[in-house]
>>> print(open('my_file.cif').read())   # mmCIF, C-alpha atoms and all ligand atoms
data_query
loop_
_atom_site.label_atom_id
_atom_site.label_comp_id
_atom_site.auth_asym_id
_atom_site.auth_seq_id
_atom_site.Cartn_x
_atom_site.Cartn_y
_atom_site.Cartn_z
CA MET A 1 44.09 67.67 -47.50
CA VAL A 2 41.80 68.72 -44.70
CA LEU A 3 38.91 68.50 -47.12
CA SER A 4 39.73 64.95 -48.17
CA LEU A 5 40.04 63.80 -44.55
CA HIS A 6 36.71 65.39 -43.90
CA GLN A 7 35.12 63.56 -46.84
CA GLN A 8 36.66 60.28 -45.76
CA HIS A 9 35.15 60.64 -42.35
CA HIS A 10 31.70 61.18 -43.77
CA LYS A 11 31.66 58.32 -46.23
CA GLU A 12 28.41 56.47 -45.94
CA THR A 13 28.50 53.07 -44.24
CA VAL A 14 27.09 50.35 -46.50
CA MET A 15 27.67 47.28 -44.31
CA LYS A 16 28.42 46.97 -40.64
CA ALA A 17 29.32 44.06 -38.37
CA GLU A 18 28.49 44.44 -34.70
CA ASN A 19 29.93 42.11 -32.07
CA LEU A 20 30.03 39.29 -34.58
CA GLN A 21 31.06 35.82 -33.37
CA PHE A 22 31.20 32.82 -35.65
CA TYR A 23 31.57 29.15 -34.72
CA TYR A 24 32.27 25.98 -36.68
CA GLY A 25 30.95 23.52 -34.11
CA GLU A 26 32.99 24.18 -30.97
CA PHE A 27 35.65 26.17 -32.79
CA GLN A 28 35.28 29.94 -32.67
CA ALA A 29 36.53 31.29 -36.02
CA LEU A 30 35.49 34.95 -35.51
CA LYS A 31 35.75 36.77 -32.20
CA ASN A 32 33.81 39.94 -31.63
CA ILE A 33 34.22 41.52 -35.02
CA ASN A 34 33.18 45.16 -35.37
CA LEU A 35 33.73 46.65 -38.79
CA GLU A 36 32.19 49.25 -41.06
CA ILE A 37 32.37 48.92 -44.82
CA LYS A 38 32.27 52.32 -46.53
CA LYS A 39 30.50 53.14 -49.76
CA ASN A 40 32.58 53.26 -52.97
CA GLN A 41 35.66 52.15 -51.11
CA ILE A 42 37.76 49.04 -51.40
CA THR A 43 38.23 47.32 -48.07
CA ALA A 44 41.03 44.74 -47.93
CA LEU A 45 40.99 41.88 -45.42
CA ILE A 46 44.51 40.67 -44.73
CA GLY A 47 46.12 38.24 -42.30
CA PRO A 48 47.77 34.83 -42.15
CA SER A 49 46.14 31.64 -43.35
CA GLY A 50 43.29 30.44 -41.16
CA CYS A 51 42.72 33.75 -39.34
CA GLY A 52 39.09 34.03 -40.45
CA LYS A 53 39.17 36.38 -43.47
CA SER A 54 37.10 34.13 -45.76
CA THR A 55 34.74 33.23 -42.94
CA PHE A 56 34.08 36.90 -42.33
CA LEU A 57 33.66 37.63 -46.04
CA ARG A 58 31.09 34.84 -46.30
CA THR A 59 29.08 36.17 -43.37
CA LEU A 60 28.46 39.32 -45.43
CA ASN A 61 26.15 37.47 -47.83
CA ARG A 62 25.31 34.52 -45.59
CA MET A 63 27.29 32.01 -47.63
CA ASN A 64 28.13 30.23 -44.37
CA ASP A 65 24.47 29.26 -44.07
CA PHE A 66 25.36 26.18 -46.11
CA ILE A 67 27.85 24.93 -43.55
CA PRO A 68 26.34 22.43 -41.13
CA GLU A 69 27.13 22.86 -37.40
CA SER A 70 28.05 26.51 -37.91
CA ARG A 71 26.42 29.40 -36.10
CA SER A 72 26.89 33.10 -35.53
CA GLU A 73 26.09 35.66 -32.87
CA GLY A 74 25.96 39.41 -33.23
CA LYS A 75 24.60 41.42 -36.11
CA ILE A 76 25.44 42.42 -39.62
CA TYR A 77 23.66 45.24 -41.40
CA LEU A 78 23.31 46.11 -45.06
CA HIS A 79 22.27 49.74 -44.84
CA ASP A 80 19.44 49.52 -42.27
CA LEU A 81 18.59 45.90 -42.89
CA GLU A 82 19.83 43.39 -40.33
CA ILE A 83 20.89 40.59 -42.66
CA THR A 84 21.70 38.19 -39.82
CA ASN A 85 17.96 38.03 -39.16
CA PRO A 86 16.87 34.52 -40.29
CA ALA A 87 13.77 36.05 -41.92
CA VAL A 88 15.93 37.85 -44.51
CA ASP A 89 15.60 36.36 -48.00
CA VAL A 90 19.14 35.23 -48.86
CA VAL A 91 18.41 35.23 -52.60
CA ASP A 92 17.59 38.93 -52.38
CA LEU A 93 20.60 39.50 -50.16
CA ARG A 94 22.94 37.85 -52.66
CA LYS A 95 21.54 40.05 -55.41
CA LYS A 96 22.67 43.05 -53.39
CA VAL A 97 25.91 41.47 -52.17
CA GLY A 98 27.57 39.52 -55.00
CA MET A 99 30.61 37.29 -54.68
CA VAL A 100 33.67 36.37 -56.73
CA PHE A 101 35.85 33.41 -55.74
CA GLN A 102 39.51 32.48 -55.98
CA GLN A 103 38.95 30.04 -58.81
CA ALA A 104 36.92 31.60 -61.62
CA ASN A 105 33.75 29.54 -61.83
CA PRO A 106 31.86 30.36 -65.03
CA PHE A 107 28.83 28.21 -65.74
CA PRO A 108 29.46 25.60 -68.47
CA VAL A 109 27.40 27.58 -70.98
CA SER A 110 28.17 30.38 -73.45
CA ILE A 111 29.71 33.73 -72.56
CA TYR A 112 26.35 35.37 -73.32
CA ASP A 113 24.33 32.98 -71.19
CA ASN A 114 26.65 33.36 -68.21
CA ILE A 115 25.78 37.05 -68.01
CA ALA A 116 22.12 36.72 -69.02
CA TYR A 117 21.61 34.02 -66.37
CA GLY A 118 21.07 36.38 -63.42
CA PRO A 119 18.64 38.76 -65.13
CA ARG A 120 16.76 35.76 -66.59
CA ILE A 121 16.21 34.06 -63.24
CA HIS A 122 14.96 37.38 -61.96
CA GLY A 123 12.35 37.42 -64.69
CA ARG A 124 13.96 39.51 -67.44
CA LYS A 125 13.44 37.67 -70.72
CA ASP A 126 13.35 40.38 -73.41
CA LYS A 127 16.17 39.96 -75.86
CA GLN A 128 16.95 43.63 -76.33
CA PHE A 129 17.38 44.15 -72.59
CA LEU A 130 19.54 41.04 -72.26
CA ASP A 131 21.69 42.01 -75.27
CA GLN A 132 22.27 45.44 -73.77
CA THR A 133 23.05 44.02 -70.35
CA VAL A 134 25.53 41.52 -71.78
CA GLU A 135 27.28 44.25 -73.74
CA SER A 136 27.42 46.82 -70.95
CA CYS A 137 28.62 44.29 -68.37
CA LEU A 138 31.31 42.99 -70.72
CA ARG A 139 32.39 46.56 -71.42
CA SER A 140 32.53 47.29 -67.69
CA VAL A 141 35.03 44.49 -67.18
CA ALA A 142 36.98 45.37 -70.35
CA LEU A 143 36.16 42.05 -71.99
CA TRP A 144 33.80 43.22 -74.75
CA ASP A 145 36.44 43.81 -77.41
CA GLU A 146 38.00 40.44 -76.74
CA VAL A 147 34.80 38.41 -77.01
CA LYS A 148 32.21 40.43 -78.95
CA ASP A 149 32.59 38.38 -82.14
CA ASP A 150 31.90 35.10 -80.42
CA LEU A 151 29.47 35.54 -77.54
CA ARG A 152 28.19 32.01 -78.15
CA ALA A 153 31.58 30.46 -77.39
CA PRO A 154 31.69 28.40 -74.21
CA ALA A 155 32.83 30.46 -71.23
CA THR A 156 35.27 27.70 -70.37
CA SER A 157 37.19 28.38 -73.60
CA LEU A 158 38.39 31.72 -72.16
CA SER A 159 41.72 32.16 -70.36
CA GLY A 160 41.80 32.21 -66.56
CA GLY A 161 42.02 36.00 -66.43
CA GLN A 162 39.18 36.39 -68.94
CA GLN A 163 37.07 33.92 -66.97
CA GLN A 164 37.58 35.91 -63.79
CA ARG A 165 36.51 39.11 -65.58
CA LEU A 166 33.50 37.24 -67.00
CA VAL A 167 32.50 36.11 -63.52
CA ILE A 168 32.67 39.73 -62.36
CA ALA A 169 30.52 40.74 -65.37
CA ARG A 170 28.01 38.09 -64.30
CA VAL A 171 27.89 39.65 -60.83
CA LEU A 172 27.45 43.15 -62.29
CA ALA A 173 24.45 41.94 -64.33
CA ILE A 174 22.41 41.54 -61.15
CA GLN A 175 23.22 45.13 -60.12
CA PRO A 176 24.73 44.55 -56.69
CA ASP A 177 25.65 47.27 -54.19
CA VAL A 178 28.56 45.33 -52.74
CA ILE A 179 30.99 42.90 -54.39
CA LEU A 180 32.87 40.43 -52.22
CA MET A 181 36.10 39.04 -53.67
CA ASP A 182 37.92 36.10 -52.11
CA GLU A 183 41.52 36.14 -53.37
CA PRO A 184 40.33 36.87 -56.92
CA THR A 185 43.81 37.00 -58.46
CA SER A 186 45.57 34.18 -56.65
CA ALA A 187 45.17 31.81 -59.62
CA LEU A 188 46.18 34.43 -62.22
CA ASP A 189 49.45 35.30 -63.93
CA PRO A 190 50.97 38.76 -63.32
CA LEU A 191 49.51 40.37 -66.46
CA SER A 192 45.98 39.12 -65.75
CA THR A 193 46.40 40.16 -62.12
CA ASN A 194 47.35 43.61 -63.26
CA LYS A 195 44.26 43.87 -65.48
CA LEU A 196 42.02 42.65 -62.71
CA GLU A 197 43.43 45.17 -60.24
CA SER A 198 42.78 48.01 -62.71
CA LEU A 199 39.25 46.69 -63.11
CA ILE A 200 38.70 46.56 -59.34
CA LEU A 201 39.89 50.16 -59.04
CA ARG A 202 37.47 51.27 -61.76
CA LEU A 203 34.58 49.36 -60.23
CA LYS A 204 34.74 51.24 -56.97
CA GLU A 205 33.27 54.30 -58.66
CA LYS A 206 29.96 52.42 -58.77
CA TYR A 207 30.27 49.63 -56.23
CA THR A 208 31.54 48.94 -52.75
CA ILE A 209 34.18 46.22 -52.70
CA VAL A 210 35.54 43.92 -50.00
CA ILE A 211 38.57 41.87 -51.02
CA VAL A 212 40.48 39.12 -49.24
CA THR A 213 44.08 39.02 -50.34
CA HIS A 214 47.33 37.36 -49.33
CA ASN A 215 49.24 39.76 -51.45
CA MET A 216 50.42 42.73 -49.40
CA GLN A 217 51.37 44.73 -52.48
CA GLN A 218 47.91 44.17 -53.85
CA ALA A 219 46.23 45.37 -50.66
CA ALA A 220 48.48 48.44 -50.70
CA ARG A 221 47.84 49.11 -54.39
CA VAL A 222 44.09 48.77 -54.55
CA SER A 223 42.48 49.26 -51.17
CA ASP A 224 41.35 52.34 -49.26
CA GLN A 225 40.79 50.60 -45.93
CA THR A 226 42.57 47.57 -44.52
CA ALA A 227 41.55 45.22 -41.72
CA PHE A 228 44.26 42.97 -40.29
CA PHE A 229 42.87 39.69 -38.94
CA LEU A 230 44.71 37.39 -36.55
CA ASN A 231 43.27 34.29 -34.85
CA GLY A 232 39.70 35.32 -35.60
CA GLU A 233 40.07 38.88 -34.36
CA ILE A 234 40.59 42.21 -36.05
CA VAL A 235 43.86 43.45 -34.60
CA GLU A 236 43.92 46.68 -36.54
CA TYR A 237 41.68 48.53 -38.97
CA GLY A 238 42.21 51.84 -40.68
CA SER A 239 43.15 53.59 -43.87
CA THR A 240 45.44 51.43 -45.97
CA GLN A 241 47.99 54.18 -46.05
CA SER A 242 48.21 54.38 -42.27
CA ILE A 243 48.16 50.59 -41.76
CA PHE A 244 51.08 50.17 -44.18
CA SER A 245 53.11 53.23 -43.28
CA ASN A 246 52.42 53.48 -39.58
CA PRO A 247 50.95 50.29 -38.10
CA GLN A 248 49.94 50.72 -34.48
CA HIS A 249 50.34 47.10 -33.41
CA GLU A 250 53.52 45.07 -33.35
CA LYS A 251 51.75 42.09 -34.95
CA THR A 252 50.47 44.19 -37.85
CA LYS A 253 53.96 45.51 -38.43
CA GLN A 254 55.49 42.04 -38.36
CA TYR A 255 52.85 40.71 -40.75
CA ILE A 256 53.19 43.43 -43.34
CA MET A 257 56.97 43.14 -43.14
CA GLY A 258 56.55 39.45 -44.05
CA GLU A 259 57.86 38.14 -40.72
CA PHE A 260 55.08 35.56 -40.42
CA GLY A 261 52.02 34.27 -42.24
N1 LIG B 1 33.80 24.51 -43.03
C1 LIG B 1 34.61 24.60 -41.98
N2 LIG B 1 34.50 23.75 -40.94
C2 LIG B 1 35.32 23.82 -39.87
N3 LIG B 1 36.30 24.74 -39.73
C3 LIG B 1 36.47 25.61 -40.74
C4 LIG B 1 35.65 25.58 -41.92
N4 LIG B 1 36.06 26.59 -42.74
C5 LIG B 1 37.09 27.17 -42.10
N5 LIG B 1 37.34 26.61 -40.91
C6 LIG B 1 38.37 27.01 -39.94
O1 LIG B 1 38.13 28.33 -39.52
C7 LIG B 1 39.35 29.07 -39.44
C8 LIG B 1 39.25 30.29 -40.35
O2 LIG B 1 39.21 29.85 -41.71
P1 LIG B 1 39.11 30.87 -42.92
O3 LIG B 1 39.06 30.08 -44.17
O4 LIG B 1 38.03 31.85 -42.65
O5 LIG B 1 40.49 31.62 -42.78
P2 LIG B 1 41.26 32.52 -43.85
O6 LIG B 1 41.90 33.58 -43.08
O7 LIG B 1 40.36 32.88 -44.95
O8 LIG B 1 42.36 31.51 -44.37
P3 LIG B 1 43.03 31.39 -45.82
O9 LIG B 1 43.79 32.65 -45.99
O10 LIG B 1 43.91 30.19 -45.70
O11 LIG B 1 41.92 31.22 -46.81
C9 LIG B 1 40.46 28.11 -39.81
O12 LIG B 1 41.00 27.60 -38.61
C10 LIG B 1 39.76 27.02 -40.57
O13 LIG B 1 40.40 25.79 -40.41
#
>>> encode(input="my_file.cif", output="C-alpha cells", more="lines below")
Ligand SMILES: Nc1ncnc2c1ncn2[C@@H]1O[C@H](COP(=O)(O)OP(=O)(O)OP(=O)(O)O)[C@@H](O)[C@H]1O
Amino acid sequence: MVLSLHQQHHKETVMKAENLQFYYGEFQALKNINLEIKKNQITALIGPSGCGKSTFLRTLNRMNDFIPESRSEGKIYLHDLEITNPAVDVVDLRKKVGMVFQQANPFPVSIYDNIAYGPRIHGRKDKQFLDQTVESCLRSVALWDEVKDDLRAPATSLSGGQQQRLVIARVLAIQPDVILMDEPTSALDPLSTNKLESLILRLKEKYTIVIVTHNMQQAARVSDQTAFFLNGEIVEYGSTQSIFSNPQHEKTKQYIMGEFG
C-alpha cells in the first residue's frame, strides 16, 4: 500500500496546464486551470453541462484554434514543450495528442483506408508496413476478428460501437502519446459501452488518456484521476477513489450524488 502510494506520487507528468484562461469573445469559459496529466493514467473530466470540460480537452491539442474570437492565456506543456506557443506546429502536436469524439466519425472510405490514412499522410506508403499497421491497430482495439475478412468494406457499414473502436484504431496508427476522448460512449448502447471501457482500460498500459464523461459510474470504473469542473473552474482534483469516496467540497459531493447537473 505504501509502495503504491509512493509510485503514484512519482508518476511522470505528460501534460500540464498552468494558469490557463480561455475566452469565447467576452465570455470566460476556463478560469485559472492548473492540472497535471500523469503518464499511463486515465484522467476523467467531470462536471455539469457547460462547465468547460470539452473546452479544456480541446486546449490540449489546440482544437480551439479553429474557433474565431477565442483566445487563451496561460500555458500548456506536453513534456517540456510549451504547446500554447503559436510557433508550435499543430499537425505535429495532433500526432502526439490524438482525439476521439462523441459521435464516431470514420472517413467515408474503407476500414483499411481509415487506418492507413494517418501513416500515408505522414509519408509511409509501403504496403507491408501499412498492412501490419492496420492489423496491429485493429487488434489493439479488439476489432480485427470482426472485420479481418472484409477490410475493404466501407467504414460506415460498421455498427456505432465498431465505428468508435475503428476511430480509436485510426488514432493509434499515428502513434500518439496522449489520447483525448470527448464522451466517447455517449452514443453507444450498454454492451458497446462496456467493450469500449475495457478497451480504454487496456490502452492505458501504452497511452495516457484524458476522458470527458457525464457518466459518473464510468468515471469511477475507468479513471485513476478525476477533475471536477464547475463554471469554468476546477473545484476538486485527485485520485478517483478519493473524489468518489471522500469528496472534500460540498459541490463535488452534491454532483457525484446526482443532486445537480
Ligand atoms: N464555440 C463557442 N462559442 C461560444 N461559446 C462557447 C463555444 N463552445 C462552448 N461555449 C460555451 O463555453 C462554455 C463551456 O462549454 P463546454 O462545451 O466546454 O462545456 P462542457 O462542460 O463540455 O459541456 P457539455 O458537457 O454540455 O459538453 C459553455 O457556456 C458554452 O456555451
>>> residues_near_point(input="my_file.cif", point="(41.3, 37.8, -37.5)", cutoff="9 Å", atoms="only C-alpha atoms", output="compact mmCIF listing (two decimals) with C-alpha atoms, in the frame of the given file")
# COMPACT_ATOMS: atom_id res chain seq x y z
CA ALA A 29 36.53 31.29 -36.02
CA LEU A 30 35.49 34.95 -35.51
CA LYS A 31 35.75 36.77 -32.20
CA ILE A 33 34.22 41.52 -35.02
CA LEU A 45 40.99 41.88 -45.42
CA ILE A 46 44.51 40.67 -44.73
CA GLY A 47 46.12 38.24 -42.30
CA PRO A 48 47.77 34.83 -42.15
CA GLY A 50 43.29 30.44 -41.16
CA CYS A 51 42.72 33.75 -39.34
CA GLY A 52 39.09 34.03 -40.45
CA LYS A 53 39.17 36.38 -43.47
CA PHE A 56 34.08 36.90 -42.33
CA ALA A 227 41.55 45.22 -41.72
CA PHE A 228 44.26 42.97 -40.29
CA PHE A 229 42.87 39.69 -38.94
CA LEU A 230 44.71 37.39 -36.55
CA ASN A 231 43.27 34.29 -34.85
CA GLY A 232 39.70 35.32 -35.60
CA GLU A 233 40.07 38.88 -34.36
CA ILE A 234 40.59 42.21 -36.05
CA VAL A 235 43.86 43.45 -34.60
>>> closest_residue(input="my_file.cif", among="A:Leu57, A:Ala142, A:Ile174, A:Ala104", to="ligand LIG 1 (chain B)", atoms="all atoms listed in the file")
A:Leu57
>>> closest_residue(input="my_file.cif", among="A:Ile179, A:Ala44, A:Leu35, A:Ile67", to="ligand LIG 1 (chain B)", atoms="all atoms listed in the file")
A:Ile67
>>> atom_distance(input="my_file.cif", atom1="atom CA of Phe129 of chain A", atom2="atom CA of Lys148 of chain A")
16.6 Å
>>> residues_around(input="my_file.cif", residues="Asn19 of chain A", least_positions_apart="4", cutoff="7 Å", atoms="all atoms listed in the file", output="PDB file with C-alpha atoms, in the coordinates of the input")
ATOM      1  CA  ASN A  32      33.810  39.940 -31.630  1.00  0.00           C
ATOM      2  CA  ILE A  33      34.220  41.520 -35.020  1.00  0.00           C
ATOM      3  CA  ASN A  34      33.180  45.160 -35.370  1.00  0.00           C
ATOM      4  CA  GLY A  74      25.960  39.410 -33.230  1.00  0.00           C
ATOM      5  CA  LYS A  75      24.600  41.420 -36.110  1.00  0.00           C
TER       6      LYS A  75
END
>>> residues_around(input="my_file.cif", residues="Glu250 of chain A", least_positions_apart="6", cutoff="12 Å", atoms="all atoms listed in the file", output="list in words")
Phe228, Val235, Glu236, Ile243, Ile256, Met257, Glu259 and Phe260 of chain A
>>> residues_near_point(input="my_file.cif", point="(47.9, 41.2, -53.8)", cutoff="10 Å", atoms="only C-alpha atoms", output="mmCIF file with C-alpha atoms, keeping the file's coordinate frame")
data_model
loop_
_atom_site.group_PDB
_atom_site.id
_atom_site.type_symbol
_atom_site.label_atom_id
_atom_site.label_comp_id
_atom_site.auth_asym_id
_atom_site.auth_seq_id
_atom_site.Cartn_x
_atom_site.Cartn_y
_atom_site.Cartn_z
ATOM 1 C CA ALA A 44 41.030 44.740 -47.930
ATOM 2 C CA ILE A 46 44.510 40.670 -44.730
ATOM 3 C CA GLU A 183 41.520 36.140 -53.370
ATOM 4 C CA PRO A 184 40.330 36.870 -56.920
ATOM 5 C CA THR A 185 43.810 37.000 -58.460
ATOM 6 C CA SER A 186 45.570 34.180 -56.650
ATOM 7 C CA THR A 193 46.400 40.160 -62.120
ATOM 8 C CA ASN A 194 47.350 43.610 -63.260
ATOM 9 C CA GLU A 197 43.430 45.170 -60.240
ATOM 10 C CA ILE A 211 38.570 41.870 -51.020
ATOM 11 C CA VAL A 212 40.480 39.120 -49.240
ATOM 12 C CA THR A 213 44.080 39.020 -50.340
ATOM 13 C CA HIS A 214 47.330 37.360 -49.330
ATOM 14 C CA ASN A 215 49.240 39.760 -51.450
ATOM 15 C CA MET A 216 50.420 42.730 -49.400
ATOM 16 C CA GLN A 217 51.370 44.730 -52.480
ATOM 17 C CA GLN A 218 47.910 44.170 -53.850
ATOM 18 C CA ALA A 219 46.230 45.370 -50.660
ATOM 19 C CA ALA A 220 48.480 48.440 -50.700
ATOM 20 C CA ARG A 221 47.840 49.110 -54.390
ATOM 21 C CA VAL A 222 44.090 48.770 -54.550
#
>>> atom_distance(input="my_file.cif", atom1="atom CA of Arg152 of chain A", atom2="atom CA of Tyr112 of chain A")
6.2 Å
>>> axis_aligned_box(input="my_file.cif", around="ligand LIG 1 (chain B)", padding_each_side="3 Å", output="lines of an AutoDock Vina configuration file")
center_x = 38.9
center_y = 28.7
center_z = -42.7
size_x = 16.1
size_y = 15.8
size_z = 14.2
>>> atom_distance(input="my_file.cif", atom1="atom CA of Phe66 of chain A", atom2="atom O5 of ligand LIG 1 (chain B)")
16.4 Å
>>> closest_residue(input="my_file.cif", among="A:Thr59, A:Thr226, A:Ala173, A:Ile111", to="Trp144 of chain A", atoms="only C-alpha atoms")
A:Ile111
>>> closest_residue(input="my_file.cif", among="A:Gly261, A:Ser223, A:Gln164, A:Ile83", to="Phe244 of chain A", atoms="all atoms listed in the file")
A:Ser223
>>> residues_around(input="my_file.cif", residues="Leu203 of chain A", least_positions_apart="6", cutoff="9 Å", atoms="all atoms listed in the file", output="number ranges by chain")
A: 40, 140-141, 209
>>> closest_residue(input="my_file.cif", among="A:Ile42, A:Asn64, A:Val210, A:Leu78", to="Tyr24 of chain A", atoms="only C-alpha atoms")
A:Asn64
>>> closest_residue(input="my_file.cif", among="A:Phe22, A:Ala17, A:Arg165, A:Gln254", to="ligand LIG 1 (chain B)", atoms="only C-alpha atoms and all ligand atoms")
A:Phe22
>>> decode(input="my_file.cif", residues="segment 117-144 of chain A", atoms="N, CA and C atoms", output="PDB file, in the first residue's frame")
ATOM      1  N   TYR A 117      -4.743   5.940 -43.442  1.00  0.00           N
ATOM      2  CA  TYR A 117      -4.742   7.368 -43.780  1.00  0.00           C
ATOM      3  C   TYR A 117      -3.634   8.156 -43.066  1.00  0.00           C
ATOM      4  N   GLY A 118      -3.560   8.008 -41.750  1.00  0.00           N
ATOM      5  CA  GLY A 118      -2.581   8.781 -40.969  1.00  0.00           C
ATOM      6  C   GLY A 118      -1.145   8.486 -41.389  1.00  0.00           C
ATOM      7  N   PRO A 119      -0.748   7.183 -41.351  1.00  0.00           N
ATOM      8  CA  PRO A 119       0.606   6.860 -41.794  1.00  0.00           C
ATOM      9  C   PRO A 119       0.890   7.361 -43.222  1.00  0.00           C
ATOM     10  N   ARG A 120      -0.110   7.231 -44.114  1.00  0.00           N
ATOM     11  CA  ARG A 120       0.107   7.671 -45.502  1.00  0.00           C
ATOM     12  C   ARG A 120       0.395   9.167 -45.582  1.00  0.00           C
ATOM     13  N   ILE A 121      -0.423   9.978 -44.871  1.00  0.00           N
ATOM     14  CA  ILE A 121      -0.161  11.421 -44.991  1.00  0.00           C
ATOM     15  C   ILE A 121       1.155  11.801 -44.332  1.00  0.00           C
ATOM     16  N   HIS A 122       1.657  10.908 -43.467  1.00  0.00           N
ATOM     17  CA  HIS A 122       2.984  11.177 -42.906  1.00  0.00           C
ATOM     18  C   HIS A 122       4.081  10.475 -43.707  1.00  0.00           C
ATOM     19  N   GLY A 123       3.732  10.069 -44.920  1.00  0.00           N
ATOM     20  CA  GLY A 123       4.778   9.630 -45.851  1.00  0.00           C
ATOM     21  C   GLY A 123       5.037   8.134 -45.930  1.00  0.00           C
ATOM     22  N   ARG A 124       4.284   7.336 -45.141  1.00  0.00           N
ATOM     23  CA  ARG A 124       4.511   5.884 -45.204  1.00  0.00           C
ATOM     24  C   ARG A 124       3.628   5.277 -46.290  1.00  0.00           C
ATOM     25  N   LYS A 125       4.256   4.758 -47.336  1.00  0.00           N
ATOM     26  CA  LYS A 125       3.462   4.243 -48.458  1.00  0.00           C
ATOM     27  C   LYS A 125       3.601   2.728 -48.638  1.00  0.00           C
ATOM     28  N   ASP A 126       4.669   2.135 -48.023  1.00  0.00           N
ATOM     29  CA  ASP A 126       4.910   0.719 -48.337  1.00  0.00           C
ATOM     30  C   ASP A 126       3.812  -0.187 -47.800  1.00  0.00           C
ATOM     31  N   LYS A 127       3.366  -1.069 -48.676  1.00  0.00           N
ATOM     32  CA  LYS A 127       2.189  -1.878 -48.410  1.00  0.00           C
ATOM     33  C   LYS A 127       2.373  -2.780 -47.195  1.00  0.00           C
ATOM     34  N   GLN A 128       3.546  -3.380 -47.079  1.00  0.00           N
ATOM     35  CA  GLN A 128       3.767  -4.299 -45.964  1.00  0.00           C
ATOM     36  C   GLN A 128       3.621  -3.572 -44.621  1.00  0.00           C
ATOM     37  N   PHE A 129       4.219  -2.382 -44.545  1.00  0.00           N
ATOM     38  CA  PHE A 129       4.122  -1.594 -43.315  1.00  0.00           C
ATOM     39  C   PHE A 129       2.667  -1.226 -43.026  1.00  0.00           C
ATOM     40  N   LEU A 130       1.959  -0.790 -44.068  1.00  0.00           N
ATOM     41  CA  LEU A 130       0.563  -0.380 -43.865  1.00  0.00           C
ATOM     42  C   LEU A 130      -0.309  -1.571 -43.467  1.00  0.00           C
ATOM     43  N   ASP A 131      -0.081  -2.720 -44.127  1.00  0.00           N
ATOM     44  CA  ASP A 131      -0.842  -3.935 -43.762  1.00  0.00           C
ATOM     45  C   ASP A 131      -0.631  -4.281 -42.290  1.00  0.00           C
ATOM     46  N   GLN A 132       0.631  -4.226 -41.876  1.00  0.00           N
ATOM     47  CA  GLN A 132       0.941  -4.567 -40.480  1.00  0.00           C
ATOM     48  C   GLN A 132       0.315  -3.575 -39.512  1.00  0.00           C
ATOM     49  N   THR A 133       0.389  -2.296 -39.887  1.00  0.00           N
ATOM     50  CA  THR A 133      -0.186  -1.260 -39.015  1.00  0.00           C
ATOM     51  C   THR A 133      -1.695  -1.452 -38.883  1.00  0.00           C
ATOM     52  N   VAL A 134      -2.347  -1.699 -40.016  1.00  0.00           N
ATOM     53  CA  VAL A 134      -3.805  -1.886 -39.992  1.00  0.00           C
ATOM     54  C   VAL A 134      -4.149  -3.072 -39.086  1.00  0.00           C
ATOM     55  N   GLU A 135      -3.427  -4.161 -39.258  1.00  0.00           N
ATOM     56  CA  GLU A 135      -3.723  -5.344 -38.433  1.00  0.00           C
ATOM     57  C   GLU A 135      -3.458  -5.078 -36.952  1.00  0.00           C
ATOM     58  N   SER A 136      -2.296  -4.513 -36.632  1.00  0.00           N
ATOM     59  CA  SER A 136      -1.981  -4.358 -35.205  1.00  0.00           C
ATOM     60  C   SER A 136      -2.914  -3.341 -34.545  1.00  0.00           C
ATOM     61  N   CYS A 137      -3.284  -2.290 -35.267  1.00  0.00           N
ATOM     62  CA  CYS A 137      -4.198  -1.306 -34.666  1.00  0.00           C
ATOM     63  C   CYS A 137      -5.594  -1.906 -34.476  1.00  0.00           C
ATOM     64  N   LEU A 138      -6.036  -2.705 -35.450  1.00  0.00           N
ATOM     65  CA  LEU A 138      -7.354  -3.345 -35.302  1.00  0.00           C
ATOM     66  C   LEU A 138      -7.332  -4.376 -34.174  1.00  0.00           C
ATOM     67  N   ARG A 139      -6.209  -5.047 -34.010  1.00  0.00           N
ATOM     68  CA  ARG A 139      -6.089  -5.987 -32.882  1.00  0.00           C
ATOM     69  C   ARG A 139      -6.118  -5.236 -31.558  1.00  0.00           C
ATOM     70  N   SER A 140      -5.430  -4.101 -31.513  1.00  0.00           N
ATOM     71  CA  SER A 140      -5.380  -3.319 -30.269  1.00  0.00           C
ATOM     72  C   SER A 140      -6.763  -2.885 -29.797  1.00  0.00           C
ATOM     73  N   VAL A 141      -7.658  -2.654 -30.736  1.00  0.00           N
ATOM     74  CA  VAL A 141      -8.999  -2.208 -30.339  1.00  0.00           C
ATOM     75  C   VAL A 141     -10.009  -3.363 -30.364  1.00  0.00           C
ATOM     76  N   ALA A 142      -9.481  -4.583 -30.486  1.00  0.00           N
ATOM     77  CA  ALA A 142     -10.321  -5.790 -30.488  1.00  0.00           C
ATOM     78  C   ALA A 142     -11.362  -5.783 -31.598  1.00  0.00           C
ATOM     79  N   LEU A 143     -10.947  -5.307 -32.778  1.00  0.00           N
ATOM     80  CA  LEU A 143     -11.863  -5.267 -33.910  1.00  0.00           C
ATOM     81  C   LEU A 143     -11.412  -6.211 -35.024  1.00  0.00           C
ATOM     82  N   TRP A 144     -10.168  -6.667 -34.944  1.00  0.00           N
ATOM     83  CA  TRP A 144      -9.578  -7.468 -36.027  1.00  0.00           C
ATOM     84  C   TRP A 144     -10.440  -8.676 -36.392  1.00  0.00           C
TER      85      TRP A 144
END
